[in-house]
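These notes are about the structure you will find just below.
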Amino acid sequence: MAAKKKAKRVGSATTPPKAMGTSNTTAARAAAVAKGSKSAKPIAKGSKSAKPIAKGSKSAKPALKPVAAKSPPPKRRAVAAAAPTPDTGTGVDVGVEAPSFDLPDETGAEVSSRDLAGHPYVLYFYPKNDTPGCTTEACGFRDALPEFQNLGVRVIGVSPDSSASHERFRAKYGLPFTLLSDADKQLSTAYGAWALKKNYGREYMGVVRSTFLIDSDGRVRNVWRGVKVNGHVEKVQAAAAALG
């Protein structure tokens with residue numbers, strides 16, 4: 001019995017009992033470890049190492065920069081259509097037949113070009129009664145009227161003012177010659193004295209100071225447009241004297 005027990009102890013020390021399933025368990029654990037290790041673990045979709053290169057990243061081929069769309073041109077402000085320009089007529093020139101007329105004078109009586117046939121006359125167009133330039137011009141013709149009368153030449157002023165305005169203007173400055181009221185600008189247009197004017201950058205229709213000398217045959221002999229008042233009457237007087 002003692003020898004049997006001793007042998008049993010010796011046997012357990014020198015040859016430990018084999019654990020059942022040890023080899024299979026160890027192999028299974030090794031396989032599991034290998035399967036789940038970092039080196040063998042499949043790269044997860046979307047992980048940093050497998051993450052696809054973002055479009056436009058430095059490592060990727062640089063994409064072409066989108067061309068900025070051209071901004072549409074600024075809208076132009078709508079400009080109101082300009083009012084139609086009144087017909088300014090063709091005007092007259094030297095040698096043409098003087099336009100005919102029938103207009104009221106300062107008293108309202110009608111004066112006709114037919115009444116002037118066979119006699120020379122001066123027809124001068126001015127913008128407005130009792131304004132500085134127009135007053136100076138009228139007084140110049142007033143002062144020179146005796147010389148014109150000696151030459152047999154009648155002096156007639158024309159403006160868009162009314163007959164009543166003409167009467168006041170004549171009385172104020174003692175004007176001894178006829179003033180015609182061309183309220184509808186027909187005669188001014190026919191002579192080309194009603195035209196586009198410019199003043200300090202502003203454009204408008206108005207009377208352009210003009211003078212015409214008509215001979216006894218009813219033809220235009222001299223034309224002055226854009227008249228400068230100073231010295232003008234003397235020029236007209238010299239031309240009238242040259243009619244013969």
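Just so we're on the same page: first chain in the structure tokens is A, next is B, and so on; residues restart at 1 for each chain, and ligands are numbered from 1 in the order they show up.
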Q. Do you know which residues are at most 9 Å from segment 154-170 of chain A counting only C-alpha atoms, after dropping those on the same chain fewer than 4 positions away, and could you put them as an MDAnalysis selection string?
A. chainID A and resid 104:108 116 119:130 135 138 141 145 148:149 174:185 187:188 207
Q: Extract, using only C-alpha atoms, all DNA, RNA and protein residues at most 9 Å from Val94 of chain A, discarding same-chain residues fewer than 3 positions from it, and format them as a ChimeraX atom specification.
A: /A:97,219-223
Q: Excluding Gly192 of chain A and any residue of its chain fewer than 2 positions from it, enumerate the residues within 12 Å of it, using only C-alpha atoms, and give them as a ChimeraX atom specification.
A: /A:86-93,98-99,125,185-190,194-196,205-212,223-226
Q) Which of these, A:Pro146, A:Gly133, A:Gly152, A:Gly201, has the shortest distance to Gly244 of chain A once you count only C-alpha atoms? A)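 That would be A:Gly152, the residue with the smallest distance to Gly244 of chain A.
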Q: Could you give me the residues within segment 142-241 of chain A that DSSP places in helix (DSSP H, G or I), as an MDAnalysis selection string?
A: chainID A and resid 142:150 163:173 186:191 232:241
